[in-house]
Amino acid sequence: MKRWRLPEEAGVAIILVLVVLVMSILSPNFRTLSNAQILLLNGAVIAFLAMGQTFVLLTGGIDLSTGSNVAMTGVLAAVLMKYGMPWEVASLLAICAGVSLGIVNGFFIHYVGLPAFIVTFSTFGVAASIPLIITGANSVSIKDYDFALVGRGAFLGIPMPVLLVFVAAIILTVILRLTPLGVQIYATGGNAETSRLAGVNIGRTIIVVYAVSGLCAAMGGLITASRLMVGYPSAGSGNELFFSIASAVVGGVSLFGGIGSILGALLGAVLIAAVSNGMNVVGVPSYWQPLVIGLIILTGVTIDTYRRRVSFGELARRFGRRQPQPAAPTPTDTQNRSS
Amino acid sequence: MDRRAWRLPASVSIFQECRRSCGVSIAVRPGQIIGLAGHNGAGKSTLLRLLSGVYRPDEGAMFLNGAPIELHSPKAALSRGIATVHQELSLLPNLTVTQNVFLAQERTRIGILQRDSMRIEAQEMVQRFGLDIDVTMPVGSYPVATRQLLELAIATHRNAQFLLLDEPTTSLEGEQIDQLLETVRNLAKTHGVGIILIDHKLDELYAVADHLVALVDGQVRIDGPAEKVSREEMVRAIAGDEAVLLGQRARAARDEQAGSQVASGSEADVKTEDVALVVRQLKTKTLVDVNLTAQRGRILGIYGLVGSGRTEFLRALIGLDSVLAGTIELMGRPYRPHNPSAARKAGIVYLTEERKRDGIIAPLDSITNVSLPVLSNFRRFGFLQHGPMKSSANAYLDLLHVRGDRSQPIIRLSGGNQQKILFARALAQDPTILLLDEPTKGVDIGVKGDIHRMIRELAHEKQMTVLLVSSEEDEVLEVADEVVVFVGGKCDGKAELVANLNAAQLRREAWLPA
């Protein structure tokens, strides 16, 4: 009765493997263990943001404030430590600030009824300014060397940020797949009105997903600050937001809500990190990266839009469950169907 | 008084359009089916939303099992065993059947979903209802009819003592309707569920309801056992006496005309200058072989089951689906549509079946909705002449008796008014051939009469050629002059005069092609 289906994430996984293979052939430097560490380390912040973004996207929203939330929380932690607060407390407070920003987003989106795009666009500006204001646009160096553990530490050779991503991914996946809240997040993104009529607490769901996004951004902020041991007020104003949305989208998270997974977003983040790292190693100037990533987003969204045009059933049959790309049914596809 | 009965004397704030507080009192007992009918704007939807906890009553109270209850939210209603199946399907296509069954009532142990136990129970449930589906598949992978039955099953599974059904048969047909009504009856009689069934089709109400209620302007006009309330009474209450009389008069006029047509039609073939549209061996992606001839000043009814290619045929005529083979002649000249605006220039205008999807432009007002296709008529030096545009649109809206504020976004008006506005839009384009796809879908009996009258006038007085697609046999038989039947993307083009047809014949032809 319960049929086996190829997981949705297979597509992005295959592309990731291909990219890694091609890069490894192109450059011997790419296929070193130390480069793999750097790749994953650089991908960790994006991965965190992408996972938070996934929660938001699943409900049909978007969070544009995550990038500046990284700067806000990183600087906040640095400033608090500068005033002598132990790093654990400073980190916790920074996380609270990140979550609060998410809650504010969720509040305006659900209770005031504003579009997510506008709300998070506004808070993007607000959160970008706060660290500049409190530091007078100067960077704040961190003297508490224990804090370096967060960004520079390692366990069994695995960099701490990667480990943190891993733990967070497991927790978030459990929430999405094994708790009522998870189902209700998917339901809200599928059709909010219908879910509300079914008794889903939409307000709570919306607040939670933006809070999770804020939490993930704060983790990104702490990792960034810890790796550099400096709170940069302009951190996160670069490509972080851009890359995080790209990761989620190429990982199969629908911009229209209701479809996607943490694993997909994670694979997407690694893919984006691999592309960006690979281009560095191969020697392509870094200003090419946004162009390539931009094209990757376009491709991902095109696939997403195409699969929405086909009915959900078709979608599930054609590539949502079995095939990553909008291709005609292949022999394996038909085999799966008949089995 | 049955203690388990559920009474709802509630004061209802009715729509924008009449802005009035009206009192409604209804009682439902377990195992009873109440058939509720009323024209659009009568307050059916408002009542439903009150009962399902979406709105709250301004005054009055609801009683459940003799105790007063207050429903603050849909969830509160559900937890008291009051479930609602809304007009639009309310299952989530992206979730699996199991997830839908347990939505917002997920079974957990220490916060973790009990997925296996939920799956097994969902599978048992669908089997009990005789549905052959895999509960681990997304709901979106099943057809609409299955989803509708699934929705009933889910409502009952949620331990519904009372079930509110809002026009559950709208998107179904034939056997599917029978199956749904059978399920409804079964729920009431064997499971003891109290049901309020809102339906526009009196046949269906009389088929299952024990008790009939007619709602008019937010008030209960008729409330009595089904066997004691006649159809005439129901129609008169819902549509108003005048409408019944007018309807009868129109029917008489039509019968007269039909009679004369039979006489002339039997004489010889129709004169060639009267032929407006000839379609031969038309083939598209979905159509196999369509042949038909439509005459000027006549209404050609197109009957068939959903999926028989009726809508697709209209789409092909306006260039939305590309023609693969076959010929179309328009007024004696070959015609090959490429897009809707080319079709419009050729005088063909299409009125959609899916009002909300490709009909109304929700945030715009009525005037703009009517004028949109003909904006260029009101252009002078590149500027829009609002005055003439408004008066022209108003003329059409008056003609169709559209009520409500015309400067409001169209979405705030009732479905019946929206449909009339779309009709006005079609007329504003001054068509020679009017393609109507289910023109009375989801509108009340009164508006239906208005629209039918309008269609006949357009054809018989203004010499327009009308192609009328409808799933309702009664509508086809009452409005059309001749009828062709579509079966599996084919149409032989043999038009039968309606005088020689009845509903049973139509159904038989559609289900069992010769």
# chains A, B, ... in the order shown; residues from 1 in each chain; ligands from 1

call {"tool": "interface_residues", "arguments": {"of": "chain B", "to": "chain A", "cutoff": "9 Å", "atoms": "only C-alpha atoms", "output": "count of residues only"}}
result
40

call {"tool": "select_by_dssp", "arguments": {"residues": "range 74-296 of chain A", "states": "strand (DSSP E)", "output": "ChimeraX atom specification"}}
result
/A:140-141,154-155,158-159,230-231

call {"tool": "residues_around", "arguments": {"residues": "Arg80 in chain B", "least_positions_apart": "6", "cutoff": "10 Å", "atoms": "only C-alpha atoms", "output": "list in words"}}
result
Leu64, Ile69, Leu71, Asn159, Ala160, Gln161 and Phe162 of chain B

call {"tool": "atom_distance", "arguments": {"atom1": "CA of Ala217 in chain A", "atom2": "CA of Leu49 in chain A"}}
result
5.5 Å

call {"tool": "closest_residue", "arguments": {"among": "A:Ile14, A:Val208, A:Leu163, A:Gly231", "to": "Ala94 in chain A", "atoms": "only C-alpha atoms"}}
result
A:Gly231

call {"tool": "atom_distance", "arguments": {"atom1": "CA of Ile198 in chain B", "atom2": "CA of Gly60 in chain B"}}
result
22.1 Å

call {"tool": "closest_residue", "arguments": {"among": "A:Ala50, A:Ala211, A:Leu93, A:Val22", "to": "Leu80 in chain A", "atoms": "only C-alpha atoms"}}
result
A:Leu93

call {"tool": "select_by_dssp", "arguments": {"residues": "range 184-225 of chain B", "states": "alpha helix (DSSP H)", "output": "ChimeraX atom specification"}}
result
/B:184-191,202-208

call {"tool": "residues_around", "arguments": {"residues": "range 192-196 of chain B", "least_positions_apart": "2", "cutoff": "9 Å", "atoms": "only C-alpha atoms", "output": "ChimeraX atom specification"}}
result
/B:5-6,28-36,156,160-166,184,186-190,198,209

call {"tool": "write_last_selection", "arguments": {"atoms": "C-alpha atoms", "output": "compact mmCIF listing (two decimals), in the first residue's frame"}}
result
# COMPACT_ATOMS: atom_id res chain seq x y z
CA ALA B 5 -30.98 18.93 18.99
CA TRP B 6 -29.06 21.92 17.94
CA VAL B 28 -31.37 20.34 13.56
CA ARG B 29 -31.70 16.95 15.21
CA PRO B 30 -29.33 14.02 14.94
CA GLY B 31 -30.06 11.93 11.88
CA GLN B 32 -32.04 14.69 10.27
CA ILE B 33 -31.25 16.31 6.93
CA ILE B 34 -32.31 19.90 6.57
CA GLY B 35 -32.39 21.16 3.01
CA LEU B 36 -31.65 24.85 2.91
CA THR B 156 -17.46 12.43 9.77
CA ALA B 160 -18.98 15.40 13.45
CA GLN B 161 -22.36 15.25 15.12
CA PHE B 162 -23.53 17.97 12.79
CA LEU B 163 -22.43 18.52 9.25
CA LEU B 164 -22.89 21.68 7.20
CA LEU B 165 -22.72 21.09 3.45
CA ASP B 166 -22.48 24.08 1.15
CA VAL B 184 -25.18 12.07 2.79
CA ASN B 186 -26.22 7.21 4.85
CA LEU B 187 -24.44 9.58 7.21
CA ALA B 188 -27.73 10.81 8.58
CA LYS B 189 -29.58 7.52 8.79
CA THR B 190 -26.90 5.11 9.96
CA ILE B 198 -27.39 24.01 1.18
CA ALA B 209 -33.90 16.24 2.85

call {"tool": "atom_distance", "arguments": {"atom1": "CA of Ala137 in chain A", "atom2": "CA of Pro233 in chain A"}}
result
6.3 Å
